[in-house]
Each structure stands twice: as C-alpha cells, then as structure tokens.
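Asker: Have a peek at structure_30.pdb (PDB, N, CA and C atoms and all ligand atoms).
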ATOM      1  N   MET A 234      87.881  13.081 -40.559
ATOM      2  CA  MET A 234      87.971  12.289 -41.775
ATOM      3  C   MET A 234      89.425  12.006 -42.117
ATOM      4  N   PRO A 235      90.009  10.958 -41.552
ATOM      5  CA  PRO A 235      91.404  10.619 -41.847
ATOM      6  C   PRO A 235      91.613  10.443 -43.344
ATOM      7  N   ASP A 236      92.718  10.950 -43.839
ATOM      8  CA  ASP A 236      93.040  10.869 -45.265
ATOM      9  C   ASP A 236      93.767   9.558 -45.533
ATOM     10  N   THR A 237      93.103   8.661 -46.226
ATOM     11  CA  THR A 237      93.714   7.364 -46.543
ATOM     12  C   THR A 237      94.028   7.241 -48.028
ATOM     13  N   GLU A 238      93.942   8.387 -48.748
ATOM     14  CA  GLU A 238      94.266   8.351 -50.174
ATOM     15  C   GLU A 238      95.762   8.109 -50.360
ATOM     16  N   PRO A 239      96.143   7.570 -51.531
ATOM     17  CA  PRO A 239      97.566   7.259 -51.778
ATOM     18  C   PRO A 239      98.476   8.487 -51.700
ATOM     19  N   ASP A 240      97.927   9.679 -52.010
ATOM     20  CA  ASP A 240      98.769  10.878 -51.979
ATOM     21  C   ASP A 240      98.627  11.643 -50.662
ATOM     22  N   ALA A 241      98.097  10.998 -49.656
ATOM     23  CA  ALA A 241      97.925  11.666 -48.357
ATOM     24  C   ALA A 241      99.282  12.032 -47.765
ATOM     25  N   GLU A 242      99.294  13.093 -46.981
ATOM     26  CA  GLU A 242     100.500  13.401 -46.211
ATOM     27  C   GLU A 242     100.713  12.276 -45.193
ATOM     28  N   PRO A 243     101.956  12.078 -44.770
ATOM     29  CA  PRO A 243     102.200  10.971 -43.846
ATOM     30  C   PRO A 243     101.669  11.252 -42.441
ATOM     31  N   LEU A 244     101.284  10.198 -41.773
ATOM     32  CA  LEU A 244     101.014  10.260 -40.341
ATOM     33  C   LEU A 244     102.378  10.384 -39.664
ATOM     34  N   THR A 245     102.544  11.373 -38.801
ATOM     35  CA  THR A 245     103.859  11.537 -38.185
ATOM     36  C   THR A 245     103.755  11.605 -36.669
ATOM     37  N   PHE A 246     104.869  11.282 -36.041
ATOM     38  CA  PHE A 246     104.959  11.247 -34.588
ATOM     39  C   PHE A 246     106.126  12.120 -34.137
ATOM     40  N   ALA A 247     105.928  12.764 -33.012
ATOM     41  CA  ALA A 247     107.020  13.465 -32.335
ATOM     42  C   ALA A 247     106.730  13.356 -30.850
ATOM     43  N   ILE A 248     107.776  13.285 -30.051
ATOM     44  CA  ILE A 248     107.594  13.183 -28.599
ATOM     45  C   ILE A 248     108.467  14.243 -27.942
ATOM     46  N   PRO A 249     108.049  15.526 -28.031
ATOM     47  CA  PRO A 249     108.865  16.577 -27.418
ATOM     48  C   PRO A 249     108.891  16.475 -25.897
ATOM     49  N   CYS A 250     109.967  17.021 -25.371
ATOM     50  CA  CYS A 250     110.128  17.105 -23.923
ATOM     51  C   CYS A 250     109.220  18.222 -23.408
ATOM     52  N   ALA A 251     108.408  17.920 -22.415
ATOM     53  CA  ALA A 251     107.502  18.925 -21.849
ATOM     54  C   ALA A 251     108.195  19.769 -20.790
ATOM     55  N   VAL A 252     109.422  19.400 -20.448
ATOM     56  CA  VAL A 252     110.167  20.167 -19.441
ATOM     57  C   VAL A 252     110.878  21.349 -20.112
ATOM     58  N   CYS A 253     111.587  21.075 -21.219
ATOM     59  CA  CYS A 253     112.372  22.126 -21.869
ATOM     60  C   CYS A 253     111.877  22.465 -23.273
ATOM     61  N   GLU A 254     110.840  21.747 -23.744
ATOM     62  CA  GLU A 254     110.204  22.020 -25.044
ATOM     63  C   GLU A 254     111.073  21.654 -26.242
ATOM     64  N   GLN A 255     112.212  21.008 -26.040
ATOM     65  CA  GLN A 255     112.978  20.541 -27.203
ATOM     66  C   GLN A 255     112.241  19.387 -27.855
ATOM     67  N   THR A 256     112.459  19.208 -29.149
ATOM     68  CA  THR A 256     111.813  18.095 -29.848
ATOM     69  C   THR A 256     112.675  17.621 -31.002
ATOM     70  N   GLY A 257     112.471  16.397 -31.396
ATOM     71  CA  GLY A 257     113.122  15.873 -32.592
ATOM     72  C   GLY A 257     112.257  16.175 -33.805
ATOM     73  N   GLU A 258     112.776  15.850 -34.976
ATOM     74  CA  GLU A 258     111.998  16.018 -36.202
ATOM     75  C   GLU A 258     110.826  15.041 -36.191
ATOM     76  N   PRO A 259     109.632  15.512 -36.581
ATOM     77  CA  PRO A 259     108.523  14.563 -36.711
ATOM     78  C   PRO A 259     108.894  13.462 -37.704
ATOM     79  N   SER A 260     108.520  12.244 -37.403
ATOM     80  CA  SER A 260     108.850  11.108 -38.269
ATOM     81  C   SER A 260     107.618  10.233 -38.453
ATOM     82  N   ASP A 261     107.552   9.587 -39.627
ATOM     83  CA  ASP A 261     106.452   8.641 -39.823
ATOM     84  C   ASP A 261     106.756   7.308 -39.136
ATOM     85  N   ASP A 262     107.907   7.221 -38.516
ATOM     86  CA  ASP A 262     108.295   6.018 -37.768
ATOM     87  C   ASP A 262     108.229   6.341 -36.279
ATOM     88  N   HIS A 263     107.289   5.730 -35.585
ATOM     89  CA  HIS A 263     107.140   6.016 -34.155
ATOM     90  C   HIS A 263     108.421   5.701 -33.399
ATOM     91  N   GLY A 264     109.143   4.681 -33.867
ATOM     92  CA  GLY A 264     110.385   4.297 -33.205
ATOM     93  C   GLY A 264     111.418   5.415 -33.215
ATOM     94  N   VAL A 265     111.435   6.205 -34.283
ATOM     95  CA  VAL A 265     112.382   7.327 -34.373
ATOM     96  C   VAL A 265     112.042   8.369 -33.310
ATOM     97  N   ALA A 266     110.745   8.665 -33.178
ATOM     98  CA  ALA A 266     110.311   9.641 -32.167
ATOM     99  C   ALA A 266     110.631   9.133 -30.766
ATOM    100  N   HIS A 267     110.382   7.849 -30.552
ATOM    101  CA  HIS A 267     110.641   7.260 -29.233
ATOM    102  C   HIS A 267     112.139   7.285 -28.937
ATOM    103  N   ALA A 268     112.957   6.994 -29.960
ATOM    104  CA  ALA A 268     114.408   6.991 -29.766
ATOM    105  C   ALA A 268     114.912   8.392 -29.418
ATOM    106  N   TRP A 269     114.295   9.420 -30.039
ATOM    107  CA  TRP A 269     114.707  10.777 -29.712
ATOM    108  C   TRP A 269     114.436  11.057 -28.230
ATOM    109  N   ALA A 270     113.233  10.698 -27.784
ATOM    110  CA  ALA A 270     112.858  10.965 -26.390
ATOM    111  C   ALA A 270     113.763  10.199 -25.424
ATOM    112  N   THR A 271     114.072   8.963 -25.779
ATOM    113  CA  THR A 271     114.941   8.164 -24.916
ATOM    114  C   THR A 271     116.335   8.785 -24.833
ATOM    115  N   GLY A 272     116.840   9.229 -25.980
ATOM    116  CA  GLY A 272     118.151   9.873 -26.002
ATOM    117  C   GLY A 272     118.150  11.169 -25.210
ATOM    118  N   HIS A 273     117.036  11.907 -25.318
ATOM    119  CA  HIS A 273     116.933  13.165 -24.582
ATOM    120  C   HIS A 273     116.910  12.901 -23.083
ATOM    121  N   LEU A 274     116.215  11.870 -22.687
ATOM    122  CA  LEU A 274     116.162  11.519 -21.258
ATOM    123  C   LEU A 274     117.548  11.128 -20.747
ATOM    124  N   LYS A 275     118.283  10.377 -21.577
ATOM    125  CA  LYS A 275     119.634   9.974 -21.149
ATOM    126  C   LYS A 275     120.544  11.187 -21.006
ATOM    127  N   ALA A 276     120.370  12.167 -21.902
ATOM    128  CA  ALA A 276     121.198  13.375 -21.855
ATOM    129  C   ALA A 276     120.728  14.350 -20.774
ATOM    130  N   ASN A 277     119.448  14.219 -20.397
ATOM    131  CA  ASN A 277     118.848  15.131 -19.410
ATOM    132  C   ASN A 277     118.064  14.291 -18.397
ATOM    133  N   PRO A 278     118.771  13.660 -17.479
ATOM    134  CA  PRO A 278     118.138  12.631 -16.622
ATOM    135  C   PRO A 278     116.998  13.143 -15.739
ATOM    136  N   GLU A 279     116.787  14.453 -15.694
ATOM    137  CA  GLU A 279     115.687  14.959 -14.878
ATOM    138  C   GLU A 279     114.476  15.357 -15.737
ATOM    139  N   HIS A 280     114.581  15.135 -17.033
ATOM    140  CA  HIS A 280     113.451  15.474 -17.913
ATOM    141  C   HIS A 280     112.588  14.229 -18.137
ATOM    142  N   PHE A 281     111.603  14.068 -17.259
ATOM    143  CA  PHE A 281     110.779  12.857 -17.275
ATOM    144  C   PHE A 281     109.466  13.020 -18.020
ATOM    145  N   ILE A 282     109.068  14.262 -18.310
ATOM    146  CA  ILE A 282     107.720  14.483 -18.854
ATOM    147  C   ILE A 282     107.792  14.786 -20.351
ATOM    148  N   TYR A 283     107.052  14.016 -21.120
ATOM    149  CA  TYR A 283     107.028  14.172 -22.577
ATOM    150  C   TYR A 283     105.590  14.308 -23.052
ATOM    151  N   ARG A 284     105.449  14.707 -24.311
ATOM    152  CA  ARG A 284     104.124  14.993 -24.859
ATOM    153  C   ARG A 284     104.091  14.389 -26.263
ATOM    154  N   GLU A 285     103.403  13.311 -26.428
ATOM    155  CA  GLU A 285     103.374  12.683 -27.745
ATOM    156  C   GLU A 285     102.452  13.466 -28.662
ATOM    157  N   ILE A 286     102.978  13.867 -29.819
ATOM    158  CA  ILE A 286     102.189  14.604 -30.803
ATOM    159  C   ILE A 286     102.065  13.745 -32.057
ATOM    160  N   ILE A 287     100.838  13.416 -32.386
ATOM    161  CA  ILE A 287     100.563  12.617 -33.582
ATOM    162  C   ILE A 287      99.874  13.533 -34.585
ATOM    163  N   THR A 288     100.474  13.665 -35.766
ATOM    164  CA  THR A 288      99.866  14.476 -36.815
ATOM    165  C   THR A 288      99.207  13.538 -37.817
ATOM    166  N   ARG A 289      97.877  13.651 -37.908
ATOM    167  CA  ARG A 289      97.123  12.744 -38.765
ATOM    168  C   ARG A 289      96.504  13.552 -39.915
ATOM    169  N   PRO A 290      96.861  13.222 -41.154
ATOM    170  CA  PRO A 290      96.298  13.973 -42.277
ATOM    171  C   PRO A 290      94.798  13.716 -42.418
ATOM    172  N   CYS A 291      94.098  14.751 -42.776
ATOM    173  CA  CYS A 291      92.646  14.658 -42.978
ATOM    174  C   CYS A 291      92.303  15.231 -44.346
ATOM    175  N   ARG A 292      91.191  14.770 -44.902
ATOM    176  CA  ARG A 292      90.772  15.257 -46.212
ATOM    177  C   ARG A 292      89.243  15.295 -46.266
ATOM    178  N   PHE A 293      88.742  16.436 -46.716
ATOM    179  CA  PHE A 293      87.308  16.522 -47.008
ATOM    180  C   PHE A 293      87.051  15.972 -48.397
ATOM    181  N   LYS A 294      85.912  15.380 -48.567
ATOM    182  CA  LYS A 294      85.498  14.966 -49.904
ATOM    183  C   LYS A 294      84.562  16.018 -50.461
ATOM    184  N   PRO A 295      84.798  16.475 -51.716
ATOM    185  CA  PRO A 295      83.878  17.445 -52.311
ATOM    186  C   PRO A 295      82.478  16.834 -52.365
ATOM    187  N   GLY A 296      81.475  17.665 -52.185
ATOM    188  CA  GLY A 296      80.122  17.132 -52.264
ATOM    189  C   GLY A 296      79.170  17.910 -51.386
ATOM    190  N   ALA A 297      78.249  17.223 -50.807
ATOM    191  CA  ALA A 297      77.187  17.868 -50.041
ATOM    192  C   ALA A 297      77.669  18.226 -48.646
ATOM    193  N   TRP A 298      77.922  19.527 -48.429
ATOM    194  CA  TRP A 298      78.365  19.985 -47.113
ATOM    195  C   TRP A 298      77.238  20.662 -46.345
ATOM    196  N   LYS A 299      76.053  20.744 -46.961
ATOM    197  CA  LYS A 299      74.970  21.518 -46.340
ATOM    198  C   LYS A 299      74.282  20.744 -45.224
TER     199      LYS A 299
HETATM  200 ZN    ZN B 301     114.036  18.315 -21.964
END
What is this structure when it is put down as structure tokens?
Ligand SMILES: [Zn+2]

Answerer:
Amino acid sequence: MPDTEPDAEPLTFAIPCAVCEQTGEPSDDHGVAHAWATGHLKANPEHFIYREIITRPCRFKPGAWK
C-alpha cells in the first residue's frame, strides 16, 4: 500500500556500490543517486556492480484488518 498522502515520507533512491558497499545519501532525486554512482565509478574504475535501492513509503489505513 504505497503512501500517497501529503505527509508521506519521501520516495528515495540510493545506488550503493556492490563491490565495496559504499553508498551516497539516499535522495528523493534519482539523478543525485545516479550521479553518486557515476562519480564512484570514475574514482574506482573497477567497481562496475551497483545495487539500486528504492525506499517507498507505505501506509496502512485503519479499518477492517480481519
Ligand atoms: Zn565501490
């Protein structure tokens, strides 16, 4: 149940390196996550494997859970 309410936490992206496990700060801008990974690759030309992590806020609605 994706949270689409106005006060929902942001959807965030991070693309950590799967070789050395370093990562940038999660950002609600995918471009920021992509830029981190690109910069990391340039600094570490042998780190080719990344793992995109998308954090999607979810919310239950009170009511009938039975
Ligand atoms: Zn790395």

Asker: Just to confirm, what's the straight-line distance from CA of Pro290 in chain A to CA of Ala266 in chain A in Å (one decimal)?

Answerer: 17.8 Å

Asker: Write out, as a Markdown table, each residue of range 266-293 of chain A that has an atom at most 7 Å from range 245-261 of chain A, together with the closest pair of atoms and their distance in Å to one decimal, counting only C-alpha atoms, rows going by chain and rising number.

Answerer:
| residue | atom | partner | partner_atom | distance |
| --- | --- | --- | --- | --- |
| A:Ala266 | CA | A:Ala247 | CA | 5.0 |
| A:His267 | CA | A:Ile248 | CA | 6.7 |
| A:Trp269 | CA | A:Gly257 | CA | 6.1 |
| A:Ala270 | CA | A:Ile248 | CA | 6.1 |
| A:His280 | CA | A:Val252 | CA | 5.9 |
| A:Ile282 | CA | A:Ala251 | CA | 5.4 |
| A:Tyr283 | CA | A:Cys250 | CA | 4.5 |
| A:Arg284 | CA | A:Ile248 | CA | 5.4 |
| A:Glu285 | CA | A:Ile248 | CA | 4.3 |
| A:Ile286 | CA | A:Ala247 | CA | 5.2 |
| A:Ile287 | CA | A:Phe246 | CA | 4.7 |
| A:Thr288 | CA | A:Thr245 | CA | 5.1 |
| A:Arg289 | CA | A:Thr245 | CA | 6.9 |

Asker: Given the choices A:Met234, A:His263, A:Ala276, A:Gly296, which gets closest to ligand ZN 301 (chain B) if the distance is worked out from all atoms listed in the file?

Answerer: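 With all atoms listed in the file as the atom set, the closest residue is A:Ala276.
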
Asker: List every residue of chain A that DSSP, applied to the backbone of this structure, places in helix (DSSP H, G or I), and write the result as a VMD selection string.

Answerer: chain A and resid 263 to 276

Asker: Measure the distance from CA of Pro235 in chain A to CA of Lys294 in chain A in Å and round it to one decimal.

Answerer: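 Interatomic distance, CA of Pro235 in chain A to CA of Lys294 in chain A: 10.9 Å.
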
Asker: Would you give the centre and edge lengths, in Å to one decimal, of a box along x, y and z around the listed atoms of range 284-299 of chain A, with 6 Å added to each side, as lines of an AutoDock Vina configuration file?

Answerer:
center_x = 89.9
center_y = 17.1
center_z = -38.3
size_x = 43.2
size_y = 20.9
size_z = 40.1

Asker: Under the rule that all atoms listed in the file are counted, which of A:Leu244, A:Val265, A:Leu274, A:Ala297 is the nearest residue to ligand ZN 301 (chain B)?

Answerer: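 Closest to ligand ZN 301 (chain B), using all atoms listed in the file: A:Leu274.
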
Asker: Rank A:Trp298, A:Asp240, A:Glu279, A:Gly264 by their smallest atom-to-atom distance to ligand ZN 301 (chain B), using all atoms listed in the file, and report the top residue only.

Answerer: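 Selected residue with least distance to ligand ZN 301 (chain B): A:Glu279.
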
Asker: Between A:Phe281, A:Pro239, A:Thr271, A:Pro295, which is the closest to ligand ZN 301 (chain B) once you count all atoms listed in the file?

Answerer: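 Selected residue with least distance to ligand ZN 301 (chain B): A:Phe281.
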